[in-house]
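Trainee: Below you will find the structure I want to go over with you.
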Amino acid sequence: MSAPRPFQEATIGAAISAFSSHQGRRRFLVADEVGLGKTVVARELVRQLSDDGQRPLVVYYIANGHSVAHQNKSRIVGFLDSEHIKKATKTPDRLSLIAIEKRPDEPVVIYALTPTTSFPGQRARLTGGRKEERAFLSLLLEKAYPALSRALDPDLLRLNARGSWGWAVDDARRRFDAAPAGLVHRFRDALLAEFGGPVRTTLEQAVQDLRPTAFVGRLRRALAMATLLHQPPDVVILDEFQRYRDLLEESETNPLLKALFQKKGLRPPPAILLLSATPYPHLTTRWEESRGALAHVELLKLIGFLGGPKLQDEAGALFSAFGNKLRDIATRVDRHHPELKAQVLDAEELGDRLRRLLTPLMSRTERDSVASPDSSASTDILKADPSPEDFAIYKHLAEGFGERQRHEALPYWSSVPLPAQSLGHGYVAWKHATFTAGQKLVRMTLERRNRIHAPAAWPDAKLRAIRRVAPPEVLSLPWVAPSLPWWPMAGAWQKVAADPKLLMFSRFRATPPSVASLLSFDVESYCLHRRGNYTKVMRRRRFKLAAVPGPVMVAFHPSPWLILHTDPLAKAGSSMAAIRKEVQRQILAALPKGIVDRSTAKARKRHRSGAAVLASIERSAELATRSTRAWKLTLGDDRAAQSAAARWGKARPIDRLSPMELADLVDYAIGAPGVALGRALFRHDRTILDEARYPELVQLSWQGLRAYLDNPIILATLPGKTAVDQVMKAVVDGGLESVLDEHFWLRTPQLQEGSAGLAKDLKAALGLRAGGFTFHGLGRSAEKVSVRCHVAMPFGDAEAEPSTTAGSGAAPTAPARPDEVRRSFNTPFWPHVLTTTSVGQEGLDFHPWCSRVVHWDLSSNPLDLEQREGRIQRYAGLVIRRRLKELLWDDVVRDLTVLHGSPWQCVARHAERLADTSGLRPWWVLDGAQIQRHIFQRPFGRDQVRFAQLREQRMIYRLALGQPNQEDFIAVLSRGGEATHRLLQPLVLDLSSMGLRKLARPTGDASEENFDI
């Protein structure tokens, strides 16, 4: 469990102060930027409020989706030991079921709920819920109003439940007998609040007026109310509440929400903790404001919820006065005017008053408090010069559109590759278009696809520019190079100048799948051209087991003996020759003395297979039975493979070893993918070699890593005589063990099971189903051209299509879910390019192995630009780790404790000396650690000029907080240029509990310095 950083401790202290006043509203907002650990703050607050789990505490954790709620509830109580976490989190997932279930016998209990199922609003569409709820409701009605219950249609509460209804009712009776006393009385009160009185009359009328599901839905809402009255929470956590803001807006009018949030008799109101990186719109455009999205109104409403109407009015007046002062400063032409300094001081005073008013209710920590945005990113301008073929594509598109939609051709052509083939029925202009065959156009055809032959250049300037920074030879790499290589990289990894991973943002939904499929096709063309038919070439498999253990089996066998007795990290930083020598010494030290037989020429030339030698060694070490059992559980019904597994366990014990066989063992100890995988996992999960868990490791190696590497594209790019030789050389050249160690270190804190979940997690990520995209035929042709997506994949709401297992060529299945795609992208393996729209720019992590962001279409405002780049600027991101290696490598190599675990544990320890007072350095912010952004420069485009404007506005958009007409407000503040910006920058509101902006300023009066302009 990670300890809170100083900026988090300050936030925790402020929240505890807000919760300590039982006479106040007891509400607090944590609005830290994405990736700054709001869940850590929530966990620490629950820990302190429960006295380390000793004092009874009921927590309602409310999130927008079941998966998020389920994932995070164990993190909120992560301060408990594993057994108590299981008990504390084994709770119902909807409010109405809490009354049905017996409360866990634990001091701290957490219920993970969703707003739609547990807190339906007054205008929400009500449903019948689960049969367990309805059965319990029938019993409560029978107890509360017996006569009414007998008069009701018996099928009313049954709805669609049939044969299982009797069981559900019997189960409800058993649960009711165990329920705390007083529930029936609370249910009567809840029915009165929901339906009005007299209750029996209003219920009978509701049966007549409402659909059965609506009536049952209102009964369920009453049951939820009874639960709140009967077992009220001590703490309510609203995570990413901006997604269900109506809960806050109805908190004064909805009886259910009033019962959730407000004081009940002598009992104080629950502590309410709001978590969100975007709790209010930070910036709204004129178009958004014209549609009713008013950022300053939303902010003031939120302040009212937190602090009450009086404080809301006071904040509104202060924001208005503050905005007027900023306008006065920005429009002051004479920078030496004597009134200017007084205006700046007045603005500072107003800002301080706002801070004093708001920080008891909220805290927002931002990275730019300690580092400017430009210091953490570098800009690469990609020249995207159009070709004659590009203009031919535009002409063809425009002529195909009808007269009324012809003006839409330019934006589509500017963003979507092969737009006439890519747009599809979701676009009105395309749906009504009539396209000619375009025989002379460069396009995607069945013939081109089947021959796996991409053109030298696609007719899209941006796509050609991207290919220069992400060429096929880079995208085809099977994994990203490690940040902390244990020896010099070689082969393809030595030649690569930049990391292969790219995160791309576009405007239109058709762009991500079009770009992803064309990039993937380019890689296939580069690797597989003239190697076979498109639909068949990816079905070829090179790693199959024969009936006798052979090279394939030994390569992917995570040998417990080699994992336990060899470790190339002992000579990290040395040449490969020195590492081989050390590993050979380790092997000999673990074998009987004198086992290497050099007595005769025949003995020296003896050369059994690596599988035979290793099986004999494991037999001598009494590990062969464990290996055999694990392989048999992994291989299923394959008779030949099962035979190989059985033979492994029957090998004769080792009695001698030739020099050549010893050299083979060294090769397998360093280069076998199964051993590298197992040793990396063993550094983090010391139980993975236990007999009960070892099959997980074998399954990860064979069903996960072997299936991933058995890919014609990957094998086509790797040197070697056989497929096994190719992969074993790649393991060494690309530092696979170091990569896996780094990934496991990153991933462990994110998993509910901790290190015990690593094997299952990586296996799922490696098994990502490849997606696809279908290009439309042109002219009268009805042909549709389906193209695979694998090295590049679309994400989120992009118009992707059903998928197949990567490279299988099998029939399509359901599309890969966005969380599956994100999980795989966040490994060092494929996909290397993730293409998305605005759906991927808020609230998601893409930083573990990606350091480059492509603004395919530039964002419309500075906040969106910051949100996009914030996806890869997060805790321990790739650029941070690469920079820490440069700064700390010598210390890590000299640290003797490096052999007792992951080198990254040593890095974390040595990195503490780089920490600052805020705690943001070095894991969130670090000098010299820069992500790379790519933007396009076209002769007729405005992206470069627009980017310069966005970068300028990015420095000052935070000043628009709480102001109406924000786009106009920023335009006014931008007029004065650099001189005005230097005056305004120190006036940005600091809502962090730690006061980071003032801490980051140089000593002395910053405002004084800015008058010497």
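In the structure tokens, each chain is lettered A, B, ... as it comes, each chain's residues begin at 1, and ligands are numbered from 1 in order of appearance.
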Excluding same-chain residues fewer than 5 positions from A:Met444, what lies within 9 Å of it counting only C-alpha atoms, as an NGL selection string?
Mentor: :A and (418 or 421 or 449 or 454 or 775-777 or 785)
Trainee: Taking all heavy atoms for each residue, export the selection above as a tab-separated table (two decimals), in the first residue's frame.
Mentor:
chain	number	residue	atom	x	y	z
A	418	LEU	N	-8.85	7.99	-47.14
A	418	LEU	CA	-9.77	7.32	-48.08
A	418	LEU	C	-11.22	7.60	-47.69
A	418	LEU	O	-12.00	6.68	-47.43
A	418	LEU	CB	-9.51	5.82	-48.12
A	418	LEU	CG	-8.08	5.36	-48.41
A	418	LEU	CD1	-8.02	3.83	-48.49
A	418	LEU	CD2	-7.53	5.99	-49.67
A	421	GLN	N	-14.37	5.75	-49.00
A	421	GLN	CA	-14.45	4.35	-48.60
A	421	GLN	C	-14.61	4.17	-47.10
A	421	GLN	O	-15.00	3.10	-46.65
A	421	GLN	CB	-13.19	3.60	-49.07
A	421	GLN	CG	-13.05	3.48	-50.58
A	421	GLN	CD	-11.90	2.56	-50.95
A	421	GLN	OE1	-10.76	2.98	-51.07
A	421	GLN	NE2	-12.22	1.28	-51.13
A	449	ARG	N	-5.69	-6.00	-51.11
A	449	ARG	CA	-5.65	-6.64	-49.80
A	449	ARG	C	-5.19	-8.09	-49.90
A	449	ARG	O	-4.34	-8.55	-49.13
A	449	ARG	CB	-7.03	-6.59	-49.16
A	449	ARG	CG	-7.04	-7.04	-47.71
A	449	ARG	CD	-8.39	-7.57	-47.29
A	449	ARG	NE	-8.68	-8.85	-47.95
A	449	ARG	CZ	-9.76	-9.58	-47.69
A	449	ARG	NH1	-10.64	-9.17	-46.79
A	449	ARG	NH2	-9.98	-10.73	-48.32
A	454	ALA	N	0.59	-2.94	-50.08
A	454	ALA	CA	0.23	-1.53	-49.88
A	454	ALA	C	0.93	-0.67	-50.92
A	454	ALA	O	2.01	-1.02	-51.40
A	454	ALA	CB	0.63	-1.09	-48.48
A	775	PHE	N	-13.69	-1.25	-45.52
A	775	PHE	CA	-13.74	-0.15	-46.48
A	775	PHE	C	-14.82	-0.46	-47.52
A	775	PHE	O	-14.97	-1.60	-47.97
A	775	PHE	CB	-12.39	0.01	-47.18
A	775	PHE	CG	-11.29	0.51	-46.28
A	775	PHE	CD1	-10.48	-0.38	-45.61
A	775	PHE	CD2	-11.09	1.87	-46.09
A	775	PHE	CE1	-9.48	0.07	-44.76
A	775	PHE	CE2	-10.09	2.33	-45.25
A	775	PHE	CZ	-9.29	1.43	-44.59
A	776	HIS	N	-15.57	0.57	-47.90
A	776	HIS	CA	-16.65	0.41	-48.88
A	776	HIS	C	-16.09	0.42	-50.29
A	776	HIS	O	-15.10	1.09	-50.59
A	776	HIS	CB	-17.68	1.53	-48.73
A	776	HIS	CG	-18.32	1.57	-47.38
A	776	HIS	ND1	-19.42	0.80	-47.05
A	776	HIS	CD2	-18.01	2.27	-46.26
A	776	HIS	CE1	-19.76	1.02	-45.80
A	776	HIS	NE2	-18.92	1.92	-45.30
A	777	GLY	N	-16.76	-0.33	-51.15
A	777	GLY	CA	-16.41	-0.29	-52.56
A	777	GLY	C	-16.88	1.01	-53.20
A	777	GLY	O	-17.74	1.71	-52.67
A	785	VAL	N	-14.19	-4.37	-48.33
A	785	VAL	CA	-12.84	-4.86	-48.08
A	785	VAL	C	-12.57	-4.80	-46.58
A	785	VAL	O	-12.38	-3.72	-46.03
A	785	VAL	CB	-11.80	-4.03	-48.86
A	785	VAL	CG1	-10.44	-4.69	-48.75
A	785	VAL	CG2	-12.21	-3.88	-50.31
Trainee: Give me, as a list in words, all polymer residues having an atom no more than 8 Å from A:Leu766, counting only C-alpha atoms and skipping those fewer than 3 positions away in the same chain.
Mentor: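 Once the adjacent positions are removed, what remains is Gly704, Leu705, Tyr708, Leu762, Lys763, Ser824 and Phe829 of chain A.
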Trainee: May I have the residues within 9 Å of A:His66 as a ChimeraX atom specification, using only C-alpha atoms and disregarding those fewer than 3 positions away in the same chain?
Mentor: /A:63,69-71,93,112-114
Trainee: Using C-alpha atoms, can you export the residues from the last selection as a PDB file, in the first residue's frame?
Mentor:
ATOM      1  CA  ALA A  63     -19.430   5.186  -9.269  1.00  0.00           C
ATOM      2  CA  ALA A  69     -17.289   0.417  -8.614  1.00  0.00           C
ATOM      3  CA  HIS A  70     -16.249  -3.201  -8.161  1.00  0.00           C
ATOM      4  CA  GLN A  71     -12.636  -2.467  -9.107  1.00  0.00           C
ATOM      5  CA  ASP A  93     -24.173  -3.973  -5.370  1.00  0.00           C
ATOM      6  CA  ALA A 112     -20.142  -0.292  -4.192  1.00  0.00           C
ATOM      7  CA  LEU A 113     -23.241   1.168  -5.841  1.00  0.00           C
ATOM      8  CA  THR A 114     -24.214   2.792  -9.132  1.00  0.00           C
TER       9      THR A 114
END
Trainee: List as a list in words the protein and nucleic acid residues near A:Glu9, meaning an atom at most 12 Å away when only C-alpha atoms are counted, but skip any in the same chain fewer than 4 places from it.
Mentor: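 Those residues are Ala3, Pro4, Arg5, Gly13, Ala14, Ala15, Ile16, Gly37, Lys38, Val40, Val41, Ala42, Arg43, Glu44, Leu45, Gln48, Ser363, Thr365, Thr917, Ser918, Gly919, Ser992, Ser993 and Met994 of chain A.
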Trainee: May I have the residues within 7 Å of A:Trp849 as a list in words, using only C-alpha atoms and disregarding those fewer than 6 positions away in the same chain?
Mentor: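 My reading of the contact set: Lys501, Asn826, Thr827, Pro828 and Leu878 of chain A.
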Trainee: Restricting it to N, CA, C and O atoms, dump the selection as a short mmCIF file (atom, residue, chain, number, x, y, z; two decimals), in the first residue's frame.
Mentor:
data_model
loop_
_atom_site.label_atom_id
_atom_site.label_comp_id
_atom_site.auth_asym_id
_atom_site.auth_seq_id
_atom_site.Cartn_x
_atom_site.Cartn_y
_atom_site.Cartn_z
N LYS A 501 5.18 3.20 -29.40
CA LYS A 501 3.78 3.47 -29.02
C LYS A 501 3.38 4.92 -29.34
O LYS A 501 4.13 5.86 -29.06
N ASN A 826 -1.61 -0.76 -22.66
CA ASN A 826 -0.82 -0.39 -21.48
C ASN A 826 0.17 -1.47 -21.06
O ASN A 826 0.67 -1.46 -19.95
N THR A 827 0.46 -2.39 -21.97
CA THR A 827 1.56 -3.33 -21.81
C THR A 827 2.64 -2.95 -22.82
O THR A 827 2.39 -2.13 -23.71
N PRO A 828 3.83 -3.55 -22.74
CA PRO A 828 4.84 -3.25 -23.76
C PRO A 828 4.59 -3.95 -25.08
O PRO A 828 5.37 -3.79 -26.02
N LEU A 878 6.21 6.54 -18.80
CA LEU A 878 7.39 6.04 -19.51
C LEU A 878 8.51 7.07 -19.55
O LEU A 878 9.68 6.74 -19.33
#
Trainee: Could you jot down the atom CA of A:Ala490 to atom CA of A:Ser738 separation for me, Å, one decimal place?
Mentor: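 For atom CA of A:Ala490 relative to atom CA of A:Ser738, the distance reads 13.9 Å.
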Trainee: Which one is closest to A:Gly678: A:Thr748, A:Ser559, A:Ser575, A:Gln439? Count only C-alpha atoms.
Mentor: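 Under the stated criterion, the closest residue is A:Ser559.
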Trainee: A:Ser609, A:Gln494, A:Thr836, A:Thr434: which is nearest A:Ala516, counting only C-alpha atoms?
Mentor: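 Among A:Ser609, A:Gln494, A:Thr836, A:Thr434, it is A:Thr836 that comes nearest to A:Ala516.
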Trainee: With distances taken over only C-alpha atoms, which of A:Ile62, A:Leu311, A:Ala876, A:Leu256 is nearest to A:Pro749?
Mentor: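 With only C-alpha atoms as the atom set, the closest residue is A:Ala876.
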Trainee: Atom CA of A:Trp486 and atom CA of A:Gly573 are how many Å apart?
Mentor: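 Computed distance, atom CA of A:Trp486 to atom CA of A:Gly573, equals 5.5 Å.
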Trainee: Please identify which residues in stretch 615-674 of chain A DSSP calls helix (DSSP H, G or I) from the backbone, and express them as a PyMOL selection string.
Mentor: chain A and resi 615-620+624-635+639-649+659-671+673-674
Trainee: Those residues you just picked out, can you put them in a file as a short mmCIF file (atom, residue, chain, number, x, y, z; two decimals), in the first residue's frame with N, CA and C atoms?
Mentor:
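Result went into part18.cif, see below:
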data_model
loop_
_atom_site.label_atom_id
_atom_site.label_comp_id
_atom_site.auth_asym_id
_atom_site.auth_seq_id
_atom_site.Cartn_x
_atom_site.Cartn_y
_atom_site.Cartn_z
N ALA A 615 14.89 -31.72 -18.65
CA ALA A 615 13.96 -32.65 -18.00
C ALA A 615 14.71 -33.55 -17.02
N SER A 616 15.94 -33.97 -17.39
CA SER A 616 16.73 -34.81 -16.48
C SER A 616 17.14 -34.03 -15.24
N ILE A 617 17.51 -32.78 -15.41
CA ILE A 617 17.89 -31.96 -14.25
C ILE A 617 16.70 -31.79 -13.32
N GLU A 618 15.52 -31.51 -13.89
CA GLU A 618 14.33 -31.33 -13.04
C GLU A 618 13.94 -32.64 -12.36
N ARG A 619 14.18 -33.76 -13.03
CA ARG A 619 13.89 -35.05 -12.39
C ARG A 619 14.80 -35.24 -11.17
N SER A 620 16.09 -34.89 -11.32
CA SER A 620 17.02 -35.02 -10.20
C SER A 620 16.63 -34.08 -9.06
N ALA A 624 10.25 -32.51 -11.75
CA ALA A 624 9.67 -32.97 -13.01
C ALA A 624 8.17 -33.25 -12.89
N THR A 625 7.75 -33.80 -11.76
CA THR A 625 6.32 -34.09 -11.58
C THR A 625 5.50 -32.81 -11.59
N ARG A 626 6.01 -31.77 -10.96
CA ARG A 626 5.32 -30.47 -10.95
C ARG A 626 5.19 -29.93 -12.38
N SER A 627 6.28 -30.02 -13.14
CA SER A 627 6.25 -29.51 -14.52
C SER A 627 5.27 -30.30 -15.36
N THR A 628 5.31 -31.62 -15.24
CA THR A 628 4.42 -32.47 -16.03
C THR A 628 2.96 -32.17 -15.73
N ARG A 629 2.63 -32.07 -14.46
CA ARG A 629 1.23 -31.79 -14.08
C ARG A 629 0.78 -30.45 -14.66
N ALA A 630 1.62 -29.43 -14.55
CA ALA A 630 1.24 -28.10 -15.04
C ALA A 630 1.04 -28.11 -16.55
N TRP A 631 1.91 -28.80 -17.28
CA TRP A 631 1.77 -28.86 -18.74
C TRP A 631 0.52 -29.63 -19.13
N LYS A 632 0.21 -30.70 -18.43
CA LYS A 632 -0.99 -31.47 -18.77
C LYS A 632 -2.26 -30.64 -18.55
N LEU A 633 -2.27 -29.85 -17.50
CA LEU A 633 -3.43 -28.98 -17.25
C LEU A 633 -3.54 -27.88 -18.32
N THR A 634 -2.43 -27.53 -18.93
CA THR A 634 -2.40 -26.43 -19.91
C THR A 634 -2.77 -26.90 -21.31
N LEU A 635 -2.42 -28.12 -21.67
CA LEU A 635 -2.47 -28.55 -23.07
C LEU A 635 -3.81 -29.06 -23.55
N ARG A 639 -3.29 -34.83 -28.07
CA ARG A 639 -2.66 -36.09 -27.66
C ARG A 639 -1.14 -36.04 -27.79
N ALA A 640 -0.66 -35.46 -28.89
CA ALA A 640 0.79 -35.40 -29.08
C ALA A 640 1.42 -34.55 -28.00
N ALA A 641 0.79 -33.41 -27.71
CA ALA A 641 1.35 -32.52 -26.69
C ALA A 641 1.29 -33.18 -25.32
N GLN A 642 0.19 -33.89 -25.03
CA GLN A 642 0.08 -34.58 -23.75
C GLN A 642 1.15 -35.66 -23.63
N SER A 643 1.48 -36.30 -24.76
CA SER A 643 2.54 -37.30 -24.76
C SER A 643 3.88 -36.66 -24.41
N ALA A 644 4.14 -35.49 -24.98
CA ALA A 644 5.39 -34.78 -24.68
C ALA A 644 5.47 -34.44 -23.19
N ALA A 645 4.35 -34.00 -22.63
CA ALA A 645 4.34 -33.65 -21.20
C ALA A 645 4.61 -34.88 -20.34
N ALA A 646 4.01 -36.01 -20.73
CA ALA A 646 4.22 -37.23 -19.95
C ALA A 646 5.68 -37.69 -20.02
N ARG A 647 6.28 -37.59 -21.20
CA ARG A 647 7.68 -38.00 -21.36
C ARG A 647 8.62 -37.11 -20.54
N TRP A 648 8.25 -35.84 -20.40
CA TRP A 648 9.09 -34.93 -19.60
C TRP A 648 9.26 -35.48 -18.18
N GLY A 649 8.19 -35.97 -17.63
CA GLY A 649 8.25 -36.47 -16.25
C GLY A 649 8.94 -37.80 -16.10
N PRO A 659 30.14 -30.15 -22.38
CA PRO A 659 30.31 -28.69 -22.52
C PRO A 659 29.26 -28.07 -23.44
N MET A 660 28.91 -28.78 -24.53
CA MET A 660 27.92 -28.22 -25.44
C MET A 660 26.54 -28.18 -24.78
N GLU A 661 26.22 -29.19 -24.00
CA GLU A 661 24.94 -29.19 -23.28
C GLU A 661 24.90 -28.10 -22.22
N LEU A 662 26.04 -27.86 -21.59
CA LEU A 662 26.12 -26.76 -20.62
C LEU A 662 25.87 -25.42 -21.31
N ALA A 663 26.48 -25.25 -22.51
CA ALA A 663 26.26 -24.01 -23.26
C ALA A 663 24.79 -23.84 -23.63
N ASP A 664 24.12 -24.95 -23.97
CA ASP A 664 22.68 -24.87 -24.26
C ASP A 664 21.89 -24.41 -23.04
N LEU A 665 22.25 -24.93 -21.87
CA LEU A 665 21.57 -24.52 -20.65
C LEU A 665 21.72 -23.02 -20.41
N VAL A 666 22.92 -22.50 -20.67
CA VAL A 666 23.14 -21.06 -20.52
C VAL A 666 22.24 -20.30 -21.49
N ASP A 667 22.15 -20.79 -22.75
CA ASP A 667 21.27 -20.15 -23.74
C ASP A 667 19.83 -20.10 -23.24
N TYR A 668 19.35 -21.24 -22.74
CA TYR A 668 17.96 -21.28 -22.28
C TYR A 668 17.77 -20.42 -21.02
N ALA A 669 18.74 -20.39 -20.15
CA ALA A 669 18.62 -19.59 -18.93
C ALA A 669 18.48 -18.11 -19.23
N ILE A 670 19.13 -17.65 -20.31
CA ILE A 670 19.10 -16.22 -20.65
C ILE A 670 18.04 -15.90 -21.70
N GLY A 671 17.89 -16.79 -22.69
CA GLY A 671 17.07 -16.45 -23.84
C GLY A 671 15.76 -17.17 -24.00
N PRO A 673 12.07 -17.73 -23.73
CA PRO A 673 11.00 -16.81 -23.29
C PRO A 673 10.27 -17.29 -22.04
N GLY A 674 10.11 -18.62 -21.90
CA GLY A 674 9.42 -19.13 -20.72
C GLY A 674 10.19 -18.86 -19.44
#
Trainee: Have a look at atom CA of A:Ile98 and atom CA of A:Leu141 and let me know their distance in Å, one decimal.
Mentor: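 Atom CA of A:Leu141 lies 17.4 Å from atom CA of A:Ile98.
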Trainee: For stretch 563-565 of chain A, work out the shell of residues within 8 Å, counting only C-alpha atoms and skipping chain neighbours fewer than 6 positions away, then give it as a ChimeraX atom specification.
Mentor: /A:586-587,590,669,675,678-679,682
Trainee: Can you tell me, as number ranges by chain, what residues are no more than 7 Å from A:Ala224 when counting only C-alpha atoms, ignoring any on the same chain fewer than 3 positions away?
Mentor: A: 95-96, 220-221, 227-228
Trainee: Nearest residue to A:Pro794 out of A:Leu778, A:Ala546, A:Leu503, A:Ala979, using only C-alpha atoms?
Mentor: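 Of A:Leu778, A:Ala546, A:Leu503, A:Ala979, the one nearest A:Pro794, counting only C-alpha atoms, is A:Leu503.
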Trainee: Could you pull out the strand (DSSP E) residues of stretch 898-1012 of chain A, going by DSSP on the backbone, and write them as an NGL selection string?
Mentor: :A and (931-937)
